>>> print(open('data_20.csv').read())   # CSV, C-alpha atoms
chain,number,residue,atom,x,y,z
S,20,MET,CA,209.4,78.0,242.3
S,21,THR,CA,208.7,79.1,238.8
S,22,PRO,CA,205.2,80.5,238.1
S,23,ARG,CA,204.4,77.2,236.4
S,24,GLN,CA,205.6,75.1,239.3
S,25,ASN,CA,203.7,77.3,241.8
S,26,LEU,CA,200.5,77.0,239.7
S,27,LEU,CA,200.7,73.2,239.4
S,28,VAL,CA,201.3,72.6,243.1
S,29,LEU,CA,198.4,74.9,243.9
S,30,TYR,CA,196.1,72.9,241.6
S,31,ARG,CA,197.4,69.6,243.1
S,32,ARG,CA,196.7,71.0,246.6
S,33,SER,CA,200.3,70.6,247.7
S,34,GLY,CA,200.7,74.2,248.9
S,35,SER,CA,202.0,77.1,246.9
S,36,GLU,CA,204.4,80.0,247.5
S,37,SER,CA,202.1,82.8,246.3
S,38,ALA,CA,198.6,83.6,245.0
S,39,PRO,CA,198.8,83.9,241.2
S,40,VAL,CA,196.7,86.3,239.2
S,41,CYS,CA,194.8,86.2,236.0
S,42,PHE,CA,191.9,87.9,234.3
S,43,HIS,CA,190.4,88.4,230.9
S,44,LEU,CA,189.9,92.0,229.6
S,45,CYS,CA,187.3,93.0,227.1
S,46,PRO,CA,188.5,95.3,224.2
S,47,ASP,CA,187.5,98.5,226.1
S,48,LEU,CA,189.5,97.5,229.1
S,49,GLN,CA,192.4,96.4,226.9
S,50,HIS,CA,192.5,99.9,225.5
S,51,GLN,CA,192.5,101.4,229.0
S,52,PHE,CA,195.4,99.1,229.9
S,53,GLN,CA,197.4,100.3,226.9
S,54,GLU,CA,196.8,103.9,227.9
S,55,ARG,CA,198.0,103.2,231.4
S,56,TYR,CA,200.9,101.0,230.5
S,57,PRO,CA,202.0,102.3,227.1
S,58,TYR,CA,205.3,100.4,227.2
S,59,ALA,CA,204.0,97.1,228.4
S,60,ALA,CA,203.9,94.2,225.9
S,61,ASP,CA,200.5,93.0,227.1
S,62,TYR,CA,198.6,92.6,230.3
S,63,GLN,CA,199.5,89.0,230.8
S,64,GLU,CA,203.2,90.0,230.9
S,65,GLN,CA,202.6,93.1,232.9
S,66,PHE,CA,200.8,91.3,235.7
S,67,GLU,CA,202.8,88.1,235.5
S,68,PHE,CA,200.2,85.5,234.7
S,69,PRO,CA,201.5,82.0,235.4
S,70,MET,CA,200.2,80.4,232.2
S,71,ARG,CA,199.8,81.1,228.5
S,72,LEU,CA,196.9,80.0,226.5
S,73,ILE,CA,196.9,77.8,223.4
S,74,THR,CA,193.5,78.3,221.7
S,75,ASP,CA,192.0,75.2,220.2
S,76,PRO,CA,190.9,75.7,216.6
S,77,GLY,CA,187.6,74.0,217.5
S,78,PHE,CA,186.7,76.8,220.0
S,79,PRO,CA,183.8,78.5,218.2
S,80,TRP,CA,184.7,82.0,219.5
S,81,ILE,CA,188.2,81.9,218.0
S,82,ALA,CA,188.8,85.1,216.0
S,83,GLU,CA,190.5,83.4,213.0
S,84,ILE,CA,190.8,79.8,211.9
S,85,PRO,CA,194.5,78.9,212.3
S,86,ASP,CA,196.5,78.2,209.1
S,87,PHE,CA,197.5,74.7,210.2
S,88,VAL,CA,193.8,73.5,209.8
S,89,PRO,CA,193.1,72.9,206.1
S,90,ALA,CA,190.5,75.2,204.5
S,91,ARG,CA,187.3,73.5,203.5
S,92,HIS,CA,186.5,75.7,200.5
S,93,TRP,CA,182.9,75.4,201.4
S,94,ASP,CA,180.2,78.0,201.3
S,95,TYR,CA,178.5,77.7,204.7
S,96,GLY,CA,176.3,80.6,203.6
S,97,LEU,CA,174.2,78.0,201.8
S,98,TYR,CA,172.9,76.9,205.2
S,99,TYR,CA,171.4,80.3,206.1
S,100,ASP,CA,168.1,81.8,205.1
S,101,PRO,CA,168.0,84.7,205.3
S,102,PRO,CA,171.6,85.3,204.3
S,103,VAL,CA,174.1,86.2,207.1
S,104,ALA,CA,174.7,89.9,207.7
S,105,PRO,CA,177.6,91.7,206.0
S,106,GLY,CA,180.7,91.5,208.2
S,107,ALA,CA,179.7,88.2,209.8
S,108,ARG,CA,182.5,85.9,210.9
S,109,MET,CA,182.1,82.2,210.0
S,110,ASP,CA,183.9,79.9,212.5
S,111,ILE,CA,185.4,76.5,211.8
S,112,TRP,CA,182.1,74.8,212.3
S,113,GLY,CA,180.2,77.1,209.9
S,114,ILE,CA,178.5,78.9,212.8
S,115,ALA,CA,177.9,82.6,211.8
S,116,HIS,CA,178.7,85.4,214.3
S,117,GLU,CA,177.0,88.6,213.1
S,118,PRO,CA,178.3,92.0,214.3
S,119,GLY,CA,175.9,94.1,216.4
S,120,GLY,CA,175.5,97.9,216.6
S,121,ALA,CA,177.7,100.3,218.4
S,122,ALA,CA,176.0,99.5,221.7
S,123,ALA,CA,176.8,95.8,221.4
S,124,LYS,CA,180.5,96.5,221.5
S,125,HIS,CA,182.3,93.1,221.1
S,126,MET,CA,179.0,91.1,221.4
S,127,THR,CA,177.7,89.3,218.3
S,128,HIS,CA,174.5,87.6,217.1
S,129,MET,CA,174.8,83.9,216.5
S,130,ARG,CA,173.2,82.0,213.6
S,131,HIS,CA,172.7,78.3,213.5
S,132,PRO,CA,173.5,76.4,210.3
S,133,LEU,CA,171.7,73.1,211.2
S,134,GLU,CA,168.4,74.6,212.3
S,135,ARG,CA,166.7,74.0,208.9
S,136,LEU,CA,168.0,70.5,208.4
S,137,ASP,CA,165.4,67.7,208.9
S,138,SER,CA,167.1,64.4,208.3
S,139,LEU,CA,170.0,62.3,209.7
S,140,GLU,CA,171.4,62.1,206.2
S,141,GLN,CA,171.6,65.9,206.0
S,142,PHE,CA,173.5,66.0,209.3
S,143,GLN,CA,175.9,63.4,208.1
S,144,ALA,CA,176.5,65.3,204.8
S,145,TYR,CA,177.3,68.5,206.6
S,146,PRO,CA,180.9,69.7,206.0
S,147,TRP,CA,182.5,68.9,209.4
S,148,PRO,CA,185.9,70.2,210.4
S,149,GLU,CA,188.7,67.9,209.3
S,150,PHE,CA,191.0,68.1,212.3
S,151,ASP,CA,192.6,64.8,211.4
S,152,LYS,CA,194.0,66.3,208.2
S,153,ALA,CA,195.6,69.2,210.1
S,154,ASP,CA,199.4,69.3,210.7
S,155,TRP,CA,199.7,69.3,214.5
S,156,SER,CA,203.5,68.8,214.5
S,157,PHE,CA,204.2,72.4,215.6
S,158,LEU,CA,202.2,71.9,218.8
S,159,ALA,CA,204.9,70.3,221.0
S,160,GLY,CA,207.3,73.1,220.2
S,161,GLU,CA,204.7,75.7,221.2
S,162,VAL,CA,204.1,73.9,224.5
S,163,GLU,CA,207.8,73.6,225.2
S,164,ALA,CA,208.4,77.3,224.4
S,165,ILE,CA,205.8,78.3,227.0
S,166,GLN,CA,207.2,75.9,229.6
S,167,ALA,CA,210.8,77.0,228.9
S,168,ARG,CA,209.7,80.5,230.2
S,169,GLY,CA,208.6,78.9,233.5
S,170,LEU,CA,204.9,79.2,232.5
S,171,ALA,CA,202.2,76.6,232.3
S,172,ALA,CA,200.8,75.6,228.9
S,173,GLN,CA,197.0,75.8,229.1
S,174,VAL,CA,194.8,74.8,226.2
S,175,TRP,CA,191.4,76.6,225.7
S,176,MET,CA,189.1,73.9,224.5
S,177,GLU,CA,185.8,75.1,226.0
S,178,CYS,CA,182.4,74.7,224.3
S,179,THR,CA,183.6,71.1,224.2
S,180,ILE,CA,180.3,69.3,223.4
S,181,TRP,CA,177.0,70.8,224.4
S,182,GLU,CA,177.6,74.4,223.5
S,183,THR,CA,179.1,73.6,220.0
S,184,ALA,CA,176.1,71.3,219.4
S,185,TRP,CA,173.5,73.9,220.2
S,186,TYR,CA,175.4,76.6,218.4
S,187,LEU,CA,175.1,74.5,215.3
S,188,ARG,CA,171.5,73.2,215.8
S,189,ARG,CA,169.8,75.9,218.0
S,190,MET,CA,169.3,75.3,221.7
S,191,ASP,CA,165.5,74.7,221.6
S,192,LEU,CA,165.7,72.4,218.6
S,193,LEU,CA,168.5,70.3,220.2
S,194,MET,CA,166.7,70.0,223.4
S,195,MET,CA,163.6,68.8,221.6
S,196,ASP,CA,165.7,66.3,219.6
S,197,MET,CA,167.2,65.0,222.9
S,198,ALA,CA,163.8,64.8,224.6
S,199,ALA,CA,162.5,62.8,221.6
S,200,GLU,CA,165.6,60.6,221.6
S,201,ASN,CA,166.0,61.6,218.0
S,202,GLU,CA,168.9,60.0,216.0
S,203,LYS,CA,169.9,63.5,214.9
S,204,ALA,CA,170.8,64.4,218.5
S,205,VAL,CA,172.8,61.2,218.9
S,206,PHE,CA,174.7,61.8,215.7
S,207,LEU,CA,175.4,65.4,216.4
S,208,LEU,CA,176.7,64.9,220.0
S,209,ASP,CA,178.7,61.9,219.0
S,210,LYS,CA,180.3,63.7,216.1
S,211,ILE,CA,181.3,66.6,218.2
S,212,THR,CA,182.6,64.3,220.9
S,213,ASP,CA,184.7,62.3,218.5
S,214,LEU,CA,186.3,65.4,217.2
S,215,ALA,CA,186.9,66.7,220.7
S,216,CYS,CA,188.6,63.4,221.7
S,217,PHE,CA,190.9,63.6,218.8
S,218,ARG,CA,192.0,67.2,219.7
S,219,ALA,CA,192.3,66.4,223.4
S,220,ALA,CA,194.7,63.6,222.6
S,221,ARG,CA,196.8,65.9,220.4
S,222,TYR,CA,197.2,68.4,223.2
S,223,ALA,CA,198.1,65.7,225.7
S,224,GLU,CA,200.7,64.3,223.3
S,225,ALA,CA,202.2,67.8,223.0
S,226,GLY,CA,202.6,67.9,226.8
S,227,ALA,CA,200.1,70.6,227.7
S,228,ASP,CA,199.8,71.1,231.5
S,229,ILE,CA,196.1,72.0,231.7
S,230,LEU,CA,193.2,71.3,229.3
S,231,MET,CA,190.3,73.7,229.7
S,232,VAL,CA,187.1,72.0,228.7
S,233,GLY,CA,183.5,72.8,229.5
S,234,ASP,CA,180.1,73.8,228.5
S,235,ASP,CA,177.7,76.3,230.0
S,236,LEU,CA,175.1,74.2,231.8
S,237,GLY,CA,173.9,76.6,234.5
S,238,MET,CA,171.5,79.5,234.5
S,239,GLN,CA,171.4,82.1,237.3
S,240,ARG,CA,169.3,80.0,239.6
S,241,ALA,CA,169.0,76.5,238.0
S,242,ILE,CA,170.7,74.1,235.7
S,243,MET,CA,169.6,74.0,232.0
S,244,MET,CA,168.4,70.4,232.1
S,245,SER,CA,167.6,67.7,234.6
S,246,THR,CA,170.4,65.7,236.2
S,247,SER,CA,169.0,62.6,234.4
S,248,THR,CA,169.2,64.3,231.0
S,249,TYR,CA,172.7,65.4,231.7
S,250,ARG,CA,173.8,62.0,232.9
S,251,THR,CA,172.3,60.3,229.8
S,252,TRP,CA,173.4,62.7,227.1
S,253,LEU,CA,176.5,64.7,228.2
S,254,LYS,CA,178.3,63.1,231.1
S,255,PRO,CA,179.4,59.9,229.3
S,256,ARG,CA,180.6,62.0,226.3
S,257,LEU,CA,182.6,64.4,228.6
S,258,LYS,CA,184.2,61.4,230.2
S,259,ARG,CA,185.3,60.1,226.8
S,260,VAL,CA,187.0,63.4,226.1
S,261,ILE,CA,188.8,63.4,229.4
S,262,ASP,CA,189.8,59.8,229.1
S,263,ALA,CA,191.2,60.5,225.7
S,264,ALA,CA,193.5,63.1,227.1
S,265,LYS,CA,194.5,61.2,230.3
S,266,ALA,CA,195.2,58.0,228.3
S,267,VAL,CA,198.0,59.9,226.7
S,268,LYS,CA,199.2,62.0,229.6
S,269,PRO,CA,197.8,60.8,232.9
S,270,ASP,CA,198.9,63.9,234.8
S,271,VAL,CA,197.3,66.5,232.5
S,272,LEU,CA,195.0,68.6,234.6
S,273,ILE,CA,191.4,69.0,233.4
S,274,GLN,CA,189.7,72.3,234.1
S,275,TYR,CA,186.0,72.4,233.6
S,276,HIS,CA,184.1,75.7,232.9
S,277,SER,CA,180.4,76.3,233.3
S,278,CYS,CA,178.7,79.6,234.0
S,279,GLY,CA,175.9,79.9,236.4
S,280,TYR,CA,174.4,77.6,239.0
S,281,LEU,CA,176.0,74.2,238.8
S,282,THR,CA,175.8,72.7,242.3
S,283,PRO,CA,173.6,69.6,241.3
S,284,LEU,CA,176.1,68.5,238.7
S,285,VAL,CA,179.5,69.0,240.4
S,286,SER,CA,179.7,65.4,241.7
S,287,ASP,CA,179.0,64.2,238.2
S,288,LEU,CA,181.8,66.3,236.9
S,289,VAL,CA,184.2,64.8,239.5
S,290,GLU,CA,183.1,61.3,238.4
S,291,ALA,CA,183.7,62.2,234.8
S,292,GLY,CA,187.3,63.1,235.7
S,293,ILE,CA,187.7,66.8,236.1
S,294,ASP,CA,190.4,68.3,238.4
S,295,ILE,CA,189.5,72.0,238.5
S,296,LEU,CA,186.1,73.7,238.6
S,297,ASN,CA,185.7,77.1,237.0
S,298,PRO,CA,184.4,79.7,237.7
S,299,VAL,CA,182.3,79.0,240.9
S,300,GLN,CA,180.2,82.1,240.2
S,301,PRO,CA,179.4,83.6,243.6
S,302,GLU,CA,176.2,85.2,242.4
S,303,CYS,CA,174.9,81.7,241.5
S,304,MET,CA,176.7,79.3,243.9
S,305,ASP,CA,177.6,79.3,247.5
S,306,VAL,CA,181.4,79.5,247.3
S,307,GLU,CA,181.9,78.5,250.9
S,308,ARG,CA,179.8,75.4,250.6
S,309,VAL,CA,181.4,74.3,247.3
S,310,LEU,CA,184.9,74.7,248.7
S,311,ALA,CA,183.9,72.7,251.8
S,312,ASP,CA,181.9,70.0,250.0
S,313,PHE,CA,184.6,69.2,247.5
S,314,ARG,CA,187.7,69.9,249.6
S,315,GLY,CA,190.4,67.4,248.7
S,316,ARG,CA,188.5,66.2,245.5
S,317,LEU,CA,188.6,69.4,243.4
S,318,SER,CA,190.6,72.5,242.9
S,319,PHE,CA,189.0,75.8,241.9
S,320,HIS,CA,189.5,78.7,239.5
S,321,GLY,CA,187.5,81.9,239.9
S,322,THR,CA,185.1,82.9,242.8
S,323,ILE,CA,185.4,86.7,242.4
S,324,GLY,CA,182.1,87.9,241.0
S,325,THR,CA,182.0,89.8,237.7
S,326,GLN,CA,178.3,90.6,238.1
S,327,THR,CA,178.7,92.3,241.5
S,328,THR,CA,182.1,92.8,243.1
S,329,MET,CA,184.3,93.6,240.1
S,330,PRO,CA,182.0,96.1,238.4
S,331,PHE,CA,180.1,97.6,241.4
S,332,GLY,CA,182.3,97.1,244.5
S,333,ARG,CA,184.8,99.5,245.8
S,334,PRO,CA,188.5,98.6,245.6
S,335,GLU,CA,188.6,97.7,249.3
S,336,GLU,CA,185.6,95.4,248.7
S,337,VAL,CA,187.4,93.6,245.9
S,338,LYS,CA,190.4,93.1,248.2
S,339,ALA,CA,188.2,91.8,251.0
S,340,ALA,CA,186.5,89.3,248.6
S,341,VAL,CA,189.9,88.0,247.5
S,342,ARG,CA,191.1,87.6,251.1
S,343,ARG,CA,187.9,86.0,252.2
S,344,ASN,CA,188.0,83.3,249.5
S,345,LEU,CA,191.6,82.5,249.9
S,346,GLN,CA,191.1,82.2,253.6
S,347,LEU,CA,188.1,79.9,253.0
S,348,ALA,CA,190.2,77.6,250.7
S,349,GLY,CA,193.2,77.6,253.0
S,350,PRO,CA,196.8,76.9,251.8
S,351,ARG,CA,196.0,73.5,250.4
S,352,GLY,CA,192.5,74.1,249.1
S,353,GLY,CA,193.5,74.4,245.5
S,354,LEU,CA,192.0,77.9,244.8
S,355,PHE,CA,193.3,80.1,242.0
S,356,CYS,CA,191.3,83.2,243.1
S,357,CYS,CA,190.4,85.4,240.2
S,358,PRO,CA,187.4,87.0,238.4
S,359,THR,CA,184.9,84.5,237.2
S,360,HIS,CA,184.5,85.9,233.6
S,361,MET,CA,185.8,88.5,231.2
S,362,LEU,CA,185.9,91.9,232.7
S,363,GLU,CA,183.5,94.1,230.8
S,364,PRO,CA,183.5,97.9,230.2
S,365,GLU,CA,181.7,98.8,233.4
S,366,VAL,CA,184.6,97.4,235.6
S,367,PRO,CA,186.6,100.3,237.0
S,368,TRP,CA,190.3,100.0,236.4
S,369,GLU,CA,190.9,100.6,240.1
S,370,ASN,CA,189.2,97.3,240.8
S,371,VAL,CA,191.5,95.4,238.5
S,372,GLU,CA,194.5,96.9,240.3
S,373,ALA,CA,192.9,96.1,243.7
S,374,TYR,CA,192.4,92.4,242.7
S,375,VAL,CA,196.1,92.2,241.7
S,376,GLU,CA,197.3,94.0,244.9
S,377,ALA,CA,195.2,91.7,247.1
S,378,CYS,CA,196.8,88.6,245.6
S,379,ARG,CA,200.2,90.0,245.9
S,380,GLU,CA,199.6,91.0,249.5
S,381,TRP,CA,198.4,87.5,250.3
S,382,GLY,CA,201.3,85.8,248.6
S,383,GLY,CA,203.9,88.2,250.2
>>> encode(input="data_20.csv", output="structure tokens")
Amino acid sequence: MTPRQNLLVLYRRSGSESAPVCFHLCPDLQHQFQERYPYAADYQEQFEFPMRLITDPGFPWIAEIPDFVPARHWDYGLYYDPPVAPGARMDIWGIAHEPGGAAAKHMTHMRHPLERLDSLEQFQAYPWPEFDKADWSFLAGEVEAIQARGLAAQVWMECTIWETAWYLRRMDLLMMDMAAENEKAVFLLDKITDLACFRAARYAEAGADILMVGDDLGMQRAIMMSTSTYRTWLKPRLKRVIDAAKAVKPDVLIQYHSCGYLTPLVSDLVEAGIDILNPVQPECMDVERVLADFRGRLSFHGTIGTQTTMPFGRPEEVKAAVRRNLQLAGPRGGLFCCPTHMLEPEVPWENVEAYVEACREWGG
């Protein structure tokens, strides 16, 4: 099998020939990689990741707005008081990401352009991204080029609804708007959902294999909102986005990301149409229970803790965690076993290598 074929049969719970690997390195660890592998093109190539990412321009954390999206020529700074800090990056939504001090490393401080707006009319007049005016014609070629290498084309479209909405409004204000059933919350969530549906359909038309959607809904020990609030405000909108993609390409796989404790909402996500749950954070969720409760209904991506095992475990403990989780899932359990989040500076490089070795040993 090609890496793409192996990954897709894994996610469809049809068995796979090997345990694939992937992880996301912070800038500090990328530098360590470059020192250790000076002749390697990048770590995805070096460690043979089975997919390549296409980053959605609507993803608020994207470093630069792609050229194919028309510039708005709008001064989003008008929405901020006090003014944004020097060196701040403004994303496609007008959300400001201000740089921190040296200790913050790659972390930024977020500012919220809608927090001072009071009326529905002001929300409606906000300069929203014009994705419908972008030239998406290149996308099919990009997908085909990835697939021609035997790799899966995976679109990073996380922060799909909820996160983008609160990044714009501010979390506490958006929650109060929702609790009051305010028309501003309805408009904001509908607007973001409409734009997400449009983009999801474009990626499906282009032939993407996997669409990564999601919003962080979990905290360390609880969900951010009640299940009834989620079912009223977010679940129907997520289903609209998934339906928009699957109406175009029924076999596109939908991977859903949420950090933290998510157990009370997993059944709702299945009903909304997701295929893969990420990251099943072991510090917050019972991995064994989740794998058992949703066996045959969901596949999984993650399960190796980046709060515990990866930064603080010994290499043999990393390997043991990989073996344990792959054994729990079984050959048709649909688990892509990998670290749950970006690997931060405190992760020893030996643990990265141990993770890769454990997957290779399992697959061999």
>>> closest_residue(input="data_20.csv", among="S:Glu302, S:Glu64, S:His125, S:Arg168", to="Gln24 of chain S", atoms="all atoms listed in the file")
S:Arg168
>>> atom_distance(input="data_20.csv", atom1="atom CA of Glu163 of chain S", atom2="atom CA of Arg351 of chain S")
27.8 Å
>>> closest_residue(input="data_20.csv", among="S:Pro283, S:Gly160, S:Gly353, S:Gly120", to="Tyr222 of chain S", atoms="all atoms listed in the file")
S:Gly160
>>> closest_residue(input="data_20.csv", among="S:Ala377, S:Arg259, S:Asp234, S:Arg308", to="Cys278 of chain S", atoms="only C-alpha atoms")
S:Asp234
>>> residues_near_point(input="data_20.csv", point="(186.9, 75.8, 218.8)", cutoff="8 Å", atoms="all atoms listed in the file", output="PyMOL selection string")
chain S and resi 74-81+111+176-179
>>> atom_distance(input="data_20.csv", atom1="atom CA of Val174 of chain S", atom2="atom CA of Thr327 of chain S")
28.3 Å
>>> closest_atom_pairs(input="data_20.csv", of="segment 218-263 of chain S", to="segment 197-208 of chain S", cutoff="10 Å", atoms="only C-alpha atoms", output="CSV")
residue,atom,partner,partner_atom,distance
S:Thr248,CA,S:Met197,CA,8.4
S:Thr251,CA,S:Met197,CA,9.8
S:Trp252,CA,S:Met197,CA,7.8
S:Leu253,CA,S:Leu208,CA,8.2
S:Arg256,CA,S:Leu208,CA,8.0
>>> residues_around(input="data_20.csv", residues="segment 342-345 of chain S", least_positions_apart="3", cutoff="10 Å", atoms="all atoms listed in the file", output="list in words")
Ala38, Val306, Glu307, Leu310, Gly321, Thr322, Ile323, Glu336, Val337, Lys338, Ala339, Ala348, Gly349, Pro350, Gly352, Gly353, Leu354, Phe355, Cys356, Cys357, Tyr374, Ala377, Cys378, Glu380 and Trp381 of chain S
>>> residues_around(input="data_20.csv", residues="Ala172 of chain S", least_positions_apart="2", cutoff="8 Å", atoms="all atoms listed in the file", output="number ranges by chain")
S: 70-73, 162, 165-166, 170, 174, 227-229
>>> residues_around(input="data_20.csv", residues="Pro102 of chain S", least_positions_apart="4", cutoff="12 Å", atoms="all atoms listed in the file", output="PyMOL selection string")
chain S and resi 94-98+106-107+115+117+130-132
>>> closest_residue(input="data_20.csv", among="S:Phe142, S:Phe331, S:Trp93, S:Tyr280", to="Trp368 of chain S", atoms="only C-alpha atoms")
S:Phe331
>>> atom_distance(input="data_20.csv", atom1="atom CA of Asn297 of chain S", atom2="atom CA of Cys41 of chain S")
12.9 Å
>>> closest_residue(input="data_20.csv", among="S:Ala266, S:Val371, S:Val309, S:Val271", to="Ser286 of chain S", atoms="only C-alpha atoms")
S:Val309
>>> residues_around(input="data_20.csv", residues="Ile211 of chain S", least_positions_apart="6", cutoff="9 Å", atoms="all atoms listed in the file", output="list in words")
Thr179, Ile180, Trp181, Thr183 and Ala184 of chain S
>>> build_atoms(input="data_20.csv", residues="segment 141-159 of chain S", atoms="N, CA and C atoms", output="short mmCIF file (atom, residue, chain, number, x, y, z; two decimals), in the coordinates of the input")
data_model
loop_
_atom_site.label_atom_id
_atom_site.label_comp_id
_atom_site.auth_asym_id
_atom_site.auth_seq_id
_atom_site.Cartn_x
_atom_site.Cartn_y
_atom_site.Cartn_z
N GLN S 141 171.11 64.56 206.16
CA GLN S 141 171.60 65.90 206.00
C GLN S 141 172.64 66.28 207.05
N PHE S 142 172.45 65.80 208.27
CA PHE S 142 173.50 66.00 209.30
C PHE S 142 174.77 65.33 208.94
N GLN S 143 174.68 64.12 208.44
CA GLN S 143 175.90 63.40 208.10
C GLN S 143 176.62 64.03 206.91
N ALA S 144 175.88 64.67 206.01
CA ALA S 144 176.50 65.30 204.80
C ALA S 144 177.06 66.67 205.10
N TYR S 145 176.81 67.20 206.28
CA TYR S 145 177.30 68.50 206.60
C TYR S 145 178.84 68.55 206.56
N PRO S 146 179.45 69.63 206.09
CA PRO S 146 180.90 69.70 206.00
C PRO S 146 181.58 69.93 207.36
N TRP S 147 181.88 68.84 208.04
CA TRP S 147 182.50 68.90 209.40
C TRP S 147 183.94 69.27 209.32
N PRO S 148 184.48 69.92 210.35
CA PRO S 148 185.90 70.20 210.40
C PRO S 148 186.76 68.97 210.25
N GLU S 149 187.84 69.07 209.51
CA GLU S 149 188.70 67.90 209.30
C GLU S 149 189.99 68.07 210.13
N PHE S 150 189.84 67.98 211.43
CA PHE S 150 191.00 68.10 212.30
C PHE S 150 192.04 67.06 212.09
N ASP S 151 191.61 65.89 211.65
CA ASP S 151 192.60 64.80 211.40
C ASP S 151 193.48 65.06 210.25
N LYS S 152 193.14 66.02 209.39
CA LYS S 152 194.00 66.30 208.20
C LYS S 152 194.89 67.54 208.52
N ALA S 153 194.80 68.10 209.71
CA ALA S 153 195.60 69.20 210.10
C ALA S 153 197.04 68.75 210.44
N ASP S 154 198.01 69.63 210.33
CA ASP S 154 199.40 69.30 210.70
C ASP S 154 199.60 69.84 212.14
N TRP S 155 199.62 68.91 213.08
CA TRP S 155 199.70 69.30 214.50
C TRP S 155 201.20 69.21 214.97
N SER S 156 202.15 69.05 214.06
CA SER S 156 203.50 68.80 214.50
C SER S 156 204.16 69.98 215.20
N PHE S 157 203.65 71.19 214.98
CA PHE S 157 204.20 72.40 215.60
C PHE S 157 203.87 72.45 217.11
N LEU S 158 202.86 71.70 217.54
CA LEU S 158 202.20 71.90 218.80
C LEU S 158 203.20 71.67 220.00
N ALA S 159 203.97 70.58 219.92
CA ALA S 159 204.90 70.30 221.00
C ALA S 159 205.90 71.39 221.20
#
